[in-house]
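J.: Provided below: final-v9.txt, containing compact mmCIF, C-alpha atoms.
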# COMPACT_ATOMS: atom_id res chain seq x y z
CA MET A 970 108.36 109.56 80.46
CA ARG A 971 106.80 107.75 77.52
CA VAL A 972 105.58 104.25 78.39
CA LEU A 973 104.30 101.60 75.99
CA TRP A 974 102.14 98.88 77.48
CA LEU A 975 101.45 95.62 75.67
CA VAL A 976 98.50 93.92 77.38
CA ASN A 977 96.39 90.85 76.62
CA VAL A 978 93.00 92.59 76.83
CA LYS A 979 91.50 95.95 76.04
CA ILE A 980 91.47 97.71 79.42
CA PRO A 981 88.33 99.28 80.97
CA LEU A 982 89.71 102.82 80.70
CA ILE A 983 89.69 102.59 76.89
CA TYR A 984 86.09 101.37 76.85
CA LYS A 985 85.16 104.34 79.03
CA ILE A 986 86.96 106.80 76.77
CA GLN A 987 85.07 105.35 73.80
CA LYS A 988 81.78 105.51 75.76
CA SER A 989 81.27 101.86 74.93
CA ASN A 990 78.51 99.74 76.45
CA ASN A 991 80.43 96.55 75.79
CA GLU A 992 81.47 94.21 78.60
CA ILE A 993 84.49 95.62 80.42
CA ASN A 994 85.09 93.01 83.14
CA ALA A 995 88.45 91.97 81.70
CA GLY A 996 91.65 93.77 82.62
CA GLY A 997 90.23 95.44 85.72
CA TRP A 998 93.51 95.02 87.62
CA LEU A 999 95.18 97.37 85.10
CA ASP A 1000 92.53 100.08 85.36
CA ARG A 1001 93.62 102.08 88.41
CA ILE A 1002 97.33 101.81 87.59
CA SER A 1003 96.77 103.10 84.05
CA LYS A 1004 94.80 106.05 85.45
CA GLY A 1005 97.53 106.72 87.99
CA LEU A 1006 100.20 106.83 85.29
CA ILE A 1007 98.37 109.19 82.93
CA ASN A 1008 97.48 111.51 85.81
CA ARG A 1009 101.18 112.24 86.19
CA PRO A 1010 102.03 115.39 84.22
CA ASP A 1011 105.29 113.93 82.86
CA THR A 1012 103.90 110.59 81.64
CA GLU A 1013 102.31 109.49 78.38
CA LEU A 1014 101.00 105.95 78.02
CA LEU A 1015 100.38 103.96 74.84
CA VAL A 1016 98.33 100.81 75.41
CA CYS A 1017 98.48 98.12 72.69
CA TYR A 1018 96.15 95.12 72.84
CA PRO A 1019 94.76 92.37 70.59
CA TYR A 1020 91.24 93.14 69.44
CA SER A 1021 88.80 92.17 66.72
CA ASN A 1022 88.64 95.66 65.19
CA ASP A 1023 91.34 98.06 64.07
CA GLU A 1024 91.21 101.11 66.35
CA LYS A 1025 93.53 103.87 67.41
CA GLY A 1026 93.01 107.00 69.48
CA THR A 1027 94.25 109.52 72.05
CA SER A 1028 92.66 111.07 75.11
CA GLY A 1029 94.79 113.25 77.35
CA GLY A 1030 97.91 111.31 78.30
CA LEU A 1031 96.49 108.00 77.06
CA HIS A 1032 97.10 106.65 73.57
CA TYR A 1033 95.68 103.31 72.48
CA GLN A 1034 96.10 101.04 69.49
CA SER A 1035 94.61 97.65 68.77
CA LEU A 1036 96.50 94.73 67.25
CA VAL A 1037 94.29 92.78 64.87
CA TYR A 1038 95.35 89.14 64.72
CA ASP A 1039 93.64 86.01 63.48
CA GLY A 1040 92.11 84.67 66.69
CA LYS A 1041 92.64 80.98 65.93
CA ALA A 1042 96.26 81.49 64.84
CA MET A 1043 96.88 83.53 68.00
CA ARG A 1044 95.45 80.80 70.22
CA LEU A 1045 97.45 78.13 68.43
CA GLY A 1046 100.71 80.13 68.50
CA ARG A 1047 100.85 80.17 64.70
CA LEU A 1048 100.91 83.90 63.88
CA ASN A 1049 103.36 85.05 61.23
CA ASP A 1050 106.62 85.99 62.99
CA GLU A 1051 107.93 88.34 60.34
CA GLU A 1052 104.67 90.29 60.06
CA GLY A 1053 104.23 90.47 63.82
CA VAL A 1054 107.75 91.76 64.51
CA SER A 1055 107.50 94.26 61.64
CA GLN A 1056 104.25 95.69 63.01
CA ALA A 1057 105.71 95.92 66.52
CA LYS A 1058 108.81 97.76 65.22
CA LYS A 1059 106.59 100.28 63.44
CA ILE A 1060 104.54 100.96 66.59
CA ILE A 1061 107.63 101.26 68.79
CA SER A 1062 109.38 103.53 66.31
CA GLU A 1063 106.40 105.87 65.98
CA PHE A 1064 105.79 106.22 69.74
CA ASN A 1065 109.47 106.20 70.73
CA PRO A 1066 108.90 104.94 74.29
CA ASP A 1067 111.35 105.21 77.17
CA ILE A 1068 109.88 102.01 78.63
CA ILE A 1069 108.34 99.03 76.83
CA HIS A 1070 106.29 97.15 79.42
CA ILE A 1071 105.13 93.74 78.21
CA HIS A 1072 102.35 92.51 80.50
CA GLY A 1073 102.49 88.73 80.33
CA THR A 1074 104.34 86.12 78.31
CA GLU A 1075 101.46 83.86 77.33
CA PHE A 1076 101.10 84.81 73.66
CA GLN A 1077 103.28 84.97 70.60
CA TYR A 1078 102.82 88.73 70.21
CA ASN A 1079 104.59 89.30 73.54
CA TRP A 1080 107.69 88.01 71.82
CA PHE A 1081 106.99 90.16 68.72
CA PHE A 1082 107.49 93.31 70.80
CA ALA A 1083 110.49 91.92 72.70
CA GLU A 1084 112.15 90.85 69.46
CA ALA A 1085 111.31 94.16 67.75
CA ALA A 1086 112.95 96.11 70.57
CA LYS A 1087 115.96 93.80 70.44
CA GLN A 1088 116.39 94.39 66.70
CA MET A 1089 116.18 98.13 67.38
CA LYS A 1090 118.92 97.78 70.04
CA TRP A 1091 116.42 98.79 72.73
CA GLU A 1092 116.60 95.66 74.92
CA ASN A 1093 117.36 97.81 77.95
CA ARG A 1094 113.98 99.51 77.63
CA ILE A 1095 112.01 96.25 77.94
CA VAL A 1096 110.44 95.07 81.18
CA VAL A 1097 108.27 91.93 81.25
CA SER A 1098 105.61 91.35 83.91
CA ILE A 1099 104.89 87.72 84.69
CA GLN A 1100 101.23 86.75 84.86
CA GLY A 1101 100.85 83.03 84.17
CA MET A 1102 103.40 81.00 82.23
CA VAL A 1103 101.85 78.75 79.62
CA GLY A 1104 104.97 76.65 79.15
CA VAL A 1105 104.81 75.70 82.82
CA TYR A 1106 101.01 75.51 83.01
CA ALA A 1107 101.08 72.84 80.28
CA ASP A 1108 102.57 70.40 82.79
CA HIS A 1109 99.63 70.85 85.18
CA ILE A 1110 96.56 70.77 82.92
CA GLU A 1111 96.01 67.00 83.11
CA LEU A 1112 96.05 66.75 86.93
CA GLY A 1113 93.14 64.64 88.11
CA LEU A 1114 91.75 64.02 84.61
CA PRO A 1115 91.41 60.55 83.05
CA ASN A 1116 93.48 60.10 79.92
CA SER A 1117 90.28 59.34 78.01
CA VAL A 1118 88.95 62.83 78.84
CA VAL A 1119 92.21 64.55 77.90
CA HIS A 1120 92.07 63.02 74.42
CA ALA A 1121 88.30 63.03 73.90
CA SER A 1122 86.87 65.34 71.25
CA THR A 1123 83.45 66.56 70.29
CA LEU A 1124 82.96 67.26 66.60
CA ARG A 1125 83.45 71.00 67.17
CA GLU A 1126 86.69 70.39 69.07
CA ARG A 1127 87.98 68.03 66.40
CA VAL A 1128 87.39 70.59 63.66
CA GLY A 1129 88.83 73.49 65.66
CA LYS A 1130 91.60 71.52 67.41
CA LYS A 1131 90.21 72.63 70.78
CA ASN A 1132 90.20 69.58 73.04
CA ILE A 1133 92.33 69.34 76.18
CA ALA A 1134 95.23 67.56 74.46
CA ASP A 1135 95.23 70.24 71.77
CA GLY A 1136 95.26 72.90 74.49
CA ILE A 1137 98.36 71.36 76.04
CA GLU A 1138 100.06 71.26 72.65
CA ASN A 1139 99.13 74.92 72.06
CA PHE A 1140 100.53 75.93 75.45
CA LEU A 1141 103.79 74.15 74.70
CA ARG A 1142 104.05 75.81 71.29
CA ARG A 1143 103.37 79.25 72.76
CA GLY A 1144 105.74 78.36 75.59
CA VAL A 1145 108.63 78.39 73.09
CA TYR A 1146 107.90 82.07 72.40
CA GLU A 1147 107.40 82.66 76.11
CA GLU A 1148 110.95 81.46 76.79
CA ARG A 1149 112.28 83.66 74.01
CA THR A 1150 110.51 86.66 75.53
CA VAL A 1151 112.02 86.04 78.96
CA GLN A 1152 115.45 85.39 77.44
CA THR A 1153 115.31 88.69 75.54
CA THR A 1154 114.48 91.01 78.43
CA HIS A 1155 116.95 92.38 80.96
CA ASN A 1156 114.17 93.25 83.42
CA ILE A 1157 111.40 91.16 84.95
CA ILE A 1158 108.56 92.18 87.28
CA GLY A 1159 107.15 89.37 89.38
CA ARG A 1160 105.35 88.91 92.67
CA THR A 1161 105.85 85.36 93.90
CA THR A 1162 108.59 82.84 94.58
CA TRP A 1163 107.04 80.71 91.84
CA ASP A 1164 107.39 83.26 89.05
CA ARG A 1165 110.90 84.12 90.23
CA ALA A 1166 111.90 80.46 90.06
CA CYS A 1167 110.29 79.96 86.64
CA THR A 1168 111.99 82.99 85.09
CA TYR A 1169 115.36 82.42 86.78
CA ARG A 1170 115.77 79.04 85.13
CA ILE A 1171 115.21 80.70 81.73
CA ASN A 1172 117.16 83.94 82.23
CA PRO A 1173 119.22 84.03 85.45
CA LYS A 1174 120.92 87.29 84.38
CA ALA A 1175 117.74 89.37 84.24
CA ARG A 1176 117.04 91.85 87.03
CA TYR A 1177 114.01 90.81 89.06
CA PHE A 1178 111.77 93.53 90.50
CA LEU A 1179 108.98 92.88 93.00
CA GLY A 1180 105.80 94.52 91.77
CA ASN A 1181 102.50 93.57 93.37
CA GLU A 1182 99.20 93.96 91.57
CA THR A 1183 96.43 96.43 92.30
CA LEU A 1184 93.06 94.73 92.11
CA ARG A 1185 89.63 95.99 91.09
CA GLU A 1186 88.58 99.00 93.11
CA VAL A 1187 85.24 97.70 94.41
CA PHE A 1188 86.96 94.98 96.46
CA TYR A 1189 88.75 97.48 98.70
CA SER A 1190 85.52 98.25 100.57
CA GLY A 1191 83.12 95.87 102.24
CA ASN A 1192 83.66 93.23 104.88
CA TRP A 1193 82.44 89.64 105.14
CA SER A 1194 80.48 88.59 108.20
CA TYR A 1195 79.19 85.19 109.19
CA GLU A 1196 75.87 86.64 110.25
CA SER A 1197 75.04 87.94 106.78
CA CYS A 1198 76.43 85.11 104.63
CA ALA A 1199 74.45 82.20 103.18
CA LYS A 1200 75.37 79.32 105.45
CA HIS A 1201 77.18 76.41 103.83
CA ARG A 1202 77.46 78.17 100.47
CA VAL A 1203 80.73 77.80 98.55
CA PHE A 1204 81.76 80.33 95.90
CA ILE A 1205 84.18 79.49 93.06
CA SER A 1206 85.30 82.01 90.45
CA GLN A 1207 85.67 79.73 87.37
CA ALA A 1208 84.79 76.21 86.29
CA SER A 1209 85.05 75.92 82.50
CA TYR A 1210 88.81 75.43 82.20
CA PRO A 1211 90.67 72.31 83.51
CA VAL A 1212 93.43 74.34 85.21
CA LYS A 1213 90.76 75.82 87.52
CA GLY A 1214 90.30 72.36 89.01
CA PHE A 1215 86.50 72.13 89.18
CA HIS A 1216 86.70 68.39 88.45
CA LEU A 1217 88.80 67.98 91.60
CA PHE A 1218 86.44 70.16 93.61
CA LEU A 1219 83.53 67.87 92.72
CA LYS A 1220 85.26 65.00 94.51
CA ALA A 1221 85.59 67.18 97.59
CA LEU A 1222 81.98 68.30 97.29
CA LYS A 1223 80.78 64.70 97.44
CA ASP A 1224 82.46 64.34 100.86
CA ILE A 1225 81.17 67.71 102.06
CA LYS A 1226 77.59 66.83 101.10
CA ARG A 1227 77.74 63.69 103.27
CA PHE A 1228 78.14 65.86 106.36
CA TYR A 1229 76.37 69.01 105.14
CA PRO A 1230 73.46 67.92 102.91
CA ASP A 1231 72.38 71.56 102.53
CA VAL A 1232 75.69 72.65 100.96
CA THR A 1233 75.34 74.81 97.85
CA VAL A 1234 77.88 76.02 95.30
CA HIS A 1235 77.79 79.20 93.22
CA THR A 1236 80.25 79.35 90.34
CA ALA A 1237 81.06 82.42 88.25
CA GLY A 1238 82.04 82.35 84.60
CA THR A 1239 80.71 80.50 81.60
CA SER A 1240 78.96 77.23 82.42
CA PRO A 1241 80.78 74.23 80.93
CA LEU A 1242 77.50 72.28 80.77
CA GLY A 1243 74.87 71.79 78.12
CA GLY A 1244 76.92 70.65 75.15
CA ASP A 1245 76.50 67.46 73.15
CA TRP A 1246 78.99 65.36 71.17
CA ILE A 1247 78.64 67.74 68.24
CA ASN A 1248 78.82 71.27 69.68
CA GLY A 1249 79.89 70.77 73.28
CA ASN A 1250 83.32 70.46 74.84
CA SER A 1251 84.77 67.28 76.29
CA TYR A 1252 85.68 68.86 79.63
CA GLY A 1253 82.15 70.19 80.12
CA ARG A 1254 80.69 66.81 79.23
CA TYR A 1255 82.96 65.18 81.80
CA ILE A 1256 81.92 67.72 84.46
CA GLU A 1257 78.24 67.10 83.72
CA LYS A 1258 78.74 63.34 83.93
CA GLN A 1259 80.59 63.66 87.25
CA MET A 1260 77.88 65.90 88.70
CA THR A 1261 75.26 63.31 87.81
CA GLU A 1262 77.22 60.28 89.02
CA LEU A 1263 78.15 61.98 92.31
CA ASP A 1264 74.58 63.25 92.82
CA LEU A 1265 75.66 66.90 92.90
CA SER A 1266 73.55 68.50 90.17
CA ASP A 1267 70.96 69.89 92.55
CA CYS A 1268 73.43 71.89 94.67
CA ILE A 1269 75.51 73.67 91.99
CA GLN A 1270 74.49 76.92 90.31
CA PHE A 1271 76.46 78.42 87.43
CA CYS A 1272 76.04 82.19 87.63
CA GLY A 1273 77.49 83.20 84.26
CA SER A 1274 79.81 86.12 83.62
CA LEU A 1275 79.76 88.52 86.57
CA SER A 1276 80.72 92.17 86.81
CA ALA A 1277 83.06 93.23 89.62
CA ASP A 1278 80.09 94.35 91.72
CA GLU A 1279 78.27 91.07 91.13
CA MET A 1280 81.39 89.08 91.97
CA LYS A 1281 81.79 91.05 95.19
CA LYS A 1282 78.17 90.36 96.13
CA GLU A 1283 78.63 86.62 95.57
CA MET A 1284 81.79 86.59 97.67
CA LEU A 1285 80.18 88.42 100.58
CA GLU A 1286 77.18 86.08 100.52
CA ALA A 1287 79.34 82.93 100.48
CA ASN A 1288 80.33 81.03 103.60
CA VAL A 1289 83.71 80.24 102.02
CA PHE A 1290 85.64 81.03 98.84
CA VAL A 1291 87.41 78.06 97.23
CA SER A 1292 90.20 78.11 94.65
CA PRO A 1293 90.85 74.49 93.55
CA SER A 1294 93.25 75.30 90.69
CA THR A 1295 95.92 72.87 89.54
CA ILE A 1296 98.35 75.77 88.95
CA GLU A 1297 98.31 79.56 89.49
CA ASN A 1298 100.79 82.37 89.95
CA SER A 1299 98.90 84.71 92.26
CA PRO A 1300 95.18 84.37 91.50
CA ASN A 1301 93.37 87.70 91.61
CA SER A 1302 90.20 85.99 92.83
CA VAL A 1303 92.00 84.83 95.99
CA GLY A 1304 93.31 88.36 96.54
CA GLU A 1305 89.83 89.83 96.07
CA ALA A 1306 88.30 87.38 98.53
CA MET A 1307 91.05 88.22 101.03
CA LEU A 1308 90.42 91.97 100.62
CA LEU A 1309 86.81 91.35 101.65
CA GLY A 1310 87.75 89.13 104.59
CA VAL A 1311 85.99 86.10 103.09
CA PRO A 1312 87.26 82.78 104.50
CA VAL A 1313 89.49 81.18 101.84
CA VAL A 1314 90.42 77.58 101.08
CA SER A 1315 92.91 77.26 98.22
CA SER A 1316 95.10 74.66 96.60
CA ASN A 1317 98.74 75.26 97.49
CA VAL A 1318 100.00 75.72 93.95
CA GLY A 1319 102.37 78.13 92.22
CA GLY A 1320 102.69 81.36 94.17
CA VAL A 1321 99.55 81.05 96.31
CA SER A 1322 101.51 80.50 99.54
CA ASP A 1323 103.10 83.95 99.07
CA LEU A 1324 99.61 85.46 99.07
CA LEU A 1325 98.05 83.58 101.96
CA LYS A 1326 99.59 82.05 105.08
CA ASP A 1327 98.26 78.58 105.79
CA LYS A 1328 96.10 78.25 108.93
CA GLU A 1329 96.67 81.91 109.81
CA GLU A 1330 94.87 83.60 106.92
CA GLY A 1331 93.01 80.66 105.42
CA TYR A 1332 93.61 77.04 104.53
CA LEU A 1333 95.97 75.65 101.89
CA TYR A 1334 95.84 72.04 100.74
CA GLN A 1335 97.69 69.75 98.34
CA SER A 1336 96.08 70.23 94.93
CA ASP A 1337 95.60 66.52 94.19
CA ALA A 1338 94.10 65.81 97.63
CA PRO A 1339 90.41 66.79 97.36
CA TYR A 1340 89.72 65.04 100.66
CA MET A 1341 91.81 67.75 102.35
CA LEU A 1342 89.86 70.44 100.48
CA ALA A 1343 86.66 68.87 101.84
CA TYR A 1344 88.06 68.79 105.37
CA TYR A 1345 89.08 72.46 105.37
CA VAL A 1346 85.78 73.64 103.90
CA MET A 1347 84.01 71.78 106.69
CA GLU A 1348 86.39 73.36 109.23
CA VAL A 1349 85.19 76.76 108.01
CA PHE A 1350 81.57 75.65 108.29
CA LYS A 1351 81.86 74.29 111.83
CA ASP A 1352 84.10 77.00 113.33
CA PRO A 1353 82.84 80.35 112.02
CA ALA A 1354 84.63 82.35 114.72
CA ARG A 1355 88.02 81.02 113.68
CA ALA A 1356 87.17 81.40 110.00
CA ALA A 1357 86.19 85.04 110.55
CA LYS A 1358 89.41 85.71 112.46
CA MET A 1359 91.52 84.22 109.70
CA GLY A 1360 89.55 86.24 107.18
CA GLN A 1361 90.36 89.48 108.97
CA THR A 1362 94.05 88.55 109.20
CA ALA A 1363 93.99 87.79 105.47
CA LYS A 1364 92.28 91.11 104.78
CA ALA A 1365 95.07 93.03 106.52
CA HIS A 1366 97.68 91.10 104.51
CA ALA A 1367 95.85 91.71 101.22
CA MET A 1368 95.52 95.41 101.94
CA ARG A 1369 99.32 95.56 102.11
CA THR A 1370 99.90 93.34 99.06
CA HIS A 1371 97.41 95.17 96.87
CA ASP A 1372 97.96 98.71 98.19
CA TYR A 1373 97.26 100.98 95.22
CA ASP A 1374 99.48 103.90 96.22
CA LYS A 1375 102.46 101.69 97.05
CA ASN A 1376 102.09 99.55 93.94
CA LEU A 1377 101.87 102.60 91.68
CA GLN A 1378 104.92 104.15 93.32
CA ASP A 1379 106.85 100.88 93.08
CA LEU A 1380 106.04 100.65 89.36
CA ILE A 1381 107.17 104.23 88.74
CA GLU A 1382 110.42 103.56 90.60
CA ILE A 1383 110.99 100.43 88.50
CA TYR A 1384 110.48 102.46 85.34
CA GLU A 1385 112.86 105.16 86.58
CA GLU A 1386 115.49 102.56 87.46
CA ILE A 1387 115.25 101.03 83.99
CA GLU A 1388 115.25 104.44 82.31
CA LYS A 1389 118.50 105.35 84.05
CA GLY A 1390 120.19 102.43 82.34
CA ASN A 1391 118.88 103.22 78.84
Kindly present the structure from the file in structure tokens form.
T.:
Amino acid sequence: MRVLWLVNVKIPLIYKIQKSNNEINAGGWLDRISKGLINRPDTELLVCYPYSNDEKGTSGGLHYQSLVYDGKAMRLGRLNDEEGVSQAKKIISEFNPDIIHIHGTEFQYNWFFAEAAKQMKWENRIVVSIQGMVGVYADHIELGLPNSVVHASTLRERVGKKNIADGIENFLRRGVYEERTVQTTHNIIGRTTWDRACTYRINPKARYFLGNETLREVFYSGNWSYESCAKHRVFISQASYPVKGFHLFLKALKDIKRFYPDVTVHTAGTSPLGGDWINGNSYGRYIEKQMTELDLSDCIQFCGSLSADEMKKEMLEANVFVSPSTIENSPNSVGEAMLLGVPVVSSNVGGVSDLLKDKEEGYLYQSDAPYMLAYYVMEVFKDPARAAKMGQTAKAHAMRTHDYDKNLQDLIEIYEEIEKGN
């Protein structure tokens, strides 16, 4: 079987083949599955991905090819349609895949490959995996943000059209191509009620396959314990992007600090702070202002970009993992925390409730109710025995959801089912 993958990031396996020392944190959830596919004697895999440099190569059963696009045009959804489809047709024609697996719908080039296959009369070979959906996410970006912040711009944002309002506009523009991608395919892989609902309204005739994700390998070992965690420490995986809801978390943190003055917060990812009206970003400036006004600056530490091992260490040392997002499909960070048995408090958005059962495996709260987030975090702090029990129940659930062997076999069976209809 010849399988073409279109993915949004260069996967770790390719970095390893190239013996690169570059950062390979991105795309870790695709790593084990890609290895599993190419280890099958009857399977060849071509991975295509956007990248800054033109590169192409082969190692064993893995072929890889970069797609060099203008980064700004890609972000804005303003790539050239004709050129993009033409390039995709050339790649598809040369590799002659049995399956064209488009991972995600968030970018214009996802549609390039779907449209190219359609023009080649190969629609039956396409399967689209749903990750996030930008057309839907656009409706949730503004939650909890003042209108003045949504439309504010630093000089850098004004020049690059990068403020929050611009981001919403970009998502909506790319969402047009997202809908076209879903409309084109006959086969969809999803994993939550949310992504099934979102795709059904666009293309009710498409076959929907359940295909859970395999997460980064390091999270399948290790187990959280209250005795070894840093008491009253909260860990959050991202804070620089409005959809991740850090501005809403700060309101909850103010309440938590009233009752637990020693509370601390560790946040992974790029710090949104430190910018000015020239080079900064308006969301980061708002976060910094809120931290100061709410007297929270002394208890928050931004840890920067973390490797999988570093992320695991932070999770195991935390008293609770919090996901305050305004929208998600099935956040990998929640799944990773669950695999480790870390107590989880998450906003009940998108497909999260399919991942975690409320009050059995963790706590879910209404996304625009930070006072409930505060309450549940404090419940974890004051009842560690119950939190640990829920964490272990969540761990068992996550081990089933993210089972590598089952997920690989399910994917192969989906491919075989699609191939039969080609």
J.: Select, from A:Asp1023, A:Asp1264, A:Asp1337, A:Glu1196, the residue with the minimum atom-to-atom distance to Ala1287 in chain A, counting all atoms listed in the file.
T.: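 Ranked by minimum distance to Ala1287 in chain A, first place goes to A:Glu1196.
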J.: What gap, in Å, lies between CA of Tyr1332 in chain A and CA of Asp1352 in chain A?
T.: 13.0 Å
J.: Find the residues near range 1375-1385 of chain A: any atom within 8 Å, counting all atoms listed in the file, skip ones fewer than 5 places away on the same chain, and give them as a list in words.
T.: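 Listing them by chain and then by number gives Ile1002, Gly1005, Leu1006, Ile1068, Phe1178, Gly1180, Asn1181, Glu1182 and Thr1183 of chain A.
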J.: So, with all atoms listed in the file as the atoms that count, which of A:Lys1364, A:His1155, A:Arg1149, A:His1109 lies closest to Gly1136 in chain A?
T.: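 With all atoms listed in the file as the atom set, the closest residue is A:His1109.
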J.: Mind pulling up the distance from CA of Arg1160 in chain A to CA of Asp1323 in chain A?
T.: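 Distance between the two atoms: 8.4 Å.
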J.: Point out the residue among A:Leu1045, A:Ala1306, A:Ala1365, A:Ile1069 with the least atom-to-atom distance to Lys1130 in chain A, counting all atoms listed in the file.
T.: A:Leu1045
J.: Using all atoms listed in the file for the distances, tell me which of A:Gly1214, A:His1371, A:Ala1166, A:Val1151 is nearest to Arg1001 in chain A.
T.: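 Smallest separation from Arg1001 in chain A among the options: A:His1371.
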J.: When you count all atoms listed in the file, which of these residues is closest to Ile1205 in chain A: A:Thr1027, A:Ser1062, A:Thr1261, A:Ser1315?
T.: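 Residue with the minimum atom-to-atom distance to Ile1205 in chain A: A:Ser1315.
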J.: Which polymer residues have any atom within 10 Å of an atom of Gly1053 in chain A, counting all atoms listed in the file, with same-chain residues fewer than 6 positions away left out, as JSON, numbers by chain?
T.: {"A": [1036, 1038, 1077, 1078, 1079, 1080, 1081, 1082, 1084, 1085]}
J.: Applying 10 Å and all atoms listed in the file, which residues near Gly1129 in chain A remain after dropping the ones on its own chain fewer than 6 positions away? List them as a VMD selection string.
T.: chain A and resid 1041 1123 1135
J.: Which residues, protein or nucleic acid, reach to within 9 Å of (88.7, 90.2, 108.1) in the file's coordinates when using all atoms listed in the file, and can you give that as a list in words?
T.: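 Using all atoms listed in the file, the matching residues come out as Asn1192, Trp1193, Ser1194, Met1307, Leu1308, Leu1309, Gly1310, Val1311, Pro1312, Ala1357, Lys1358, Met1359, Gly1360, Gln1361, Thr1362, Ala1363, Lys1364 and Ala1365 of chain A.
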J.: Hey, can you check how far CA of Leu1124 in chain A sits from CA of Ser1251 in chain A?
T.: 9.9 Å
J.: Do you know which residues are at most 7 Å from range 1234-1244 of chain A counting all atoms listed in the file, after dropping those on the same chain fewer than 5 positions away, and could you put them as number ranges by chain?
T.: A: 1202-1209, 1249-1250, 1253-1254, 1257, 1268-1275
J.: Please produce range 1227-1239 of chain A, completed to N, CA, C and O atoms, as a PDB file, keeping the file's coordinate frame.
T.:
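After the write, result06.pdb holds the following:
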ATOM      1  N   ARG A1227      78.054  64.752 102.297  1.00  0.00           N
ATOM      2  CA  ARG A1227      77.740  63.690 103.270  1.00  0.00           C
ATOM      3  C   ARG A1227      77.462  64.264 104.644  1.00  0.00           C
ATOM      4  O   ARG A1227      76.573  63.813 105.369  1.00  0.00           O
ATOM      5  N   PHE A1228      78.245  65.274 105.022  1.00  0.00           N
ATOM      6  CA  PHE A1228      78.140  65.860 106.360  1.00  0.00           C
ATOM      7  C   PHE A1228      77.266  67.109 106.381  1.00  0.00           C
ATOM      8  O   PHE A1228      76.701  67.461 107.418  1.00  0.00           O
ATOM      9  N   TYR A1229      77.189  67.791 105.240  1.00  0.00           N
ATOM     10  CA  TYR A1229      76.370  69.010 105.140  1.00  0.00           C
ATOM     11  C   TYR A1229      75.468  68.869 103.913  1.00  0.00           C
ATOM     12  O   TYR A1229      75.774  69.389 102.839  1.00  0.00           O
ATOM     13  N   PRO A1230      74.348  68.159 104.054  1.00  0.00           N
ATOM     14  CA  PRO A1230      73.460  67.920 102.910  1.00  0.00           C
ATOM     15  C   PRO A1230      72.890  69.194 102.289  1.00  0.00           C
ATOM     16  O   PRO A1230      72.442  69.166 101.134  1.00  0.00           O
ATOM     17  N   ASP A1231      72.925  70.294 103.045  1.00  0.00           N
ATOM     18  CA  ASP A1231      72.380  71.560 102.530  1.00  0.00           C
ATOM     19  C   ASP A1231      73.434  72.411 101.832  1.00  0.00           C
ATOM     20  O   ASP A1231      73.160  73.562 101.474  1.00  0.00           O
ATOM     21  N   VAL A1232      74.631  71.870 101.613  1.00  0.00           N
ATOM     22  CA  VAL A1232      75.690  72.650 100.960  1.00  0.00           C
ATOM     23  C   VAL A1232      75.250  73.078  99.565  1.00  0.00           C
ATOM     24  O   VAL A1232      74.588  72.326  98.845  1.00  0.00           O
ATOM     25  N   THR A1233      75.592  74.317  99.200  1.00  0.00           N
ATOM     26  CA  THR A1233      75.340  74.810  97.850  1.00  0.00           C
ATOM     27  C   THR A1233      76.614  75.428  97.291  1.00  0.00           C
ATOM     28  O   THR A1233      77.490  75.855  98.050  1.00  0.00           O
ATOM     29  N   VAL A1234      76.695  75.481  95.973  1.00  0.00           N
ATOM     30  CA  VAL A1234      77.880  76.020  95.300  1.00  0.00           C
ATOM     31  C   VAL A1234      77.427  77.013  94.232  1.00  0.00           C
ATOM     32  O   VAL A1234      76.571  76.694  93.403  1.00  0.00           O
ATOM     33  N   HIS A1235      77.988  78.217  94.284  1.00  0.00           N
ATOM     34  CA  HIS A1235      77.790  79.200  93.220  1.00  0.00           C
ATOM     35  C   HIS A1235      79.117  79.349  92.477  1.00  0.00           C
ATOM     36  O   HIS A1235      80.163  79.513  93.109  1.00  0.00           O
ATOM     37  N   THR A1236      79.047  79.285  91.158  1.00  0.00           N
ATOM     38  CA  THR A1236      80.250  79.350  90.340  1.00  0.00           C
ATOM     39  C   THR A1236      80.104  80.448  89.298  1.00  0.00           C
ATOM     40  O   THR A1236      79.119  80.466  88.553  1.00  0.00           O
ATOM     41  N   ALA A1237      81.068  81.356  89.251  1.00  0.00           N
ATOM     42  CA  ALA A1237      81.060  82.420  88.250  1.00  0.00           C
ATOM     43  C   ALA A1237      81.637  81.907  86.938  1.00  0.00           C
ATOM     44  O   ALA A1237      82.240  80.835  86.882  1.00  0.00           O
ATOM     45  N   GLY A1238      81.472  82.701  85.889  1.00  0.00           N
ATOM     46  CA  GLY A1238      82.040  82.350  84.600  1.00  0.00           C
ATOM     47  C   GLY A1238      81.098  81.499  83.761  1.00  0.00           C
ATOM     48  O   GLY A1238      80.033  81.064  84.213  1.00  0.00           O
ATOM     49  N   THR A1239      81.514  81.258  82.549  1.00  0.00           N
ATOM     50  CA  THR A1239      80.710  80.500  81.600  1.00  0.00           C
ATOM     51  C   THR A1239      80.485  79.074  82.100  1.00  0.00           C
ATOM     52  O   THR A1239      81.408  78.404  82.538  1.00  0.00           O
TER      53      THR A1239
END
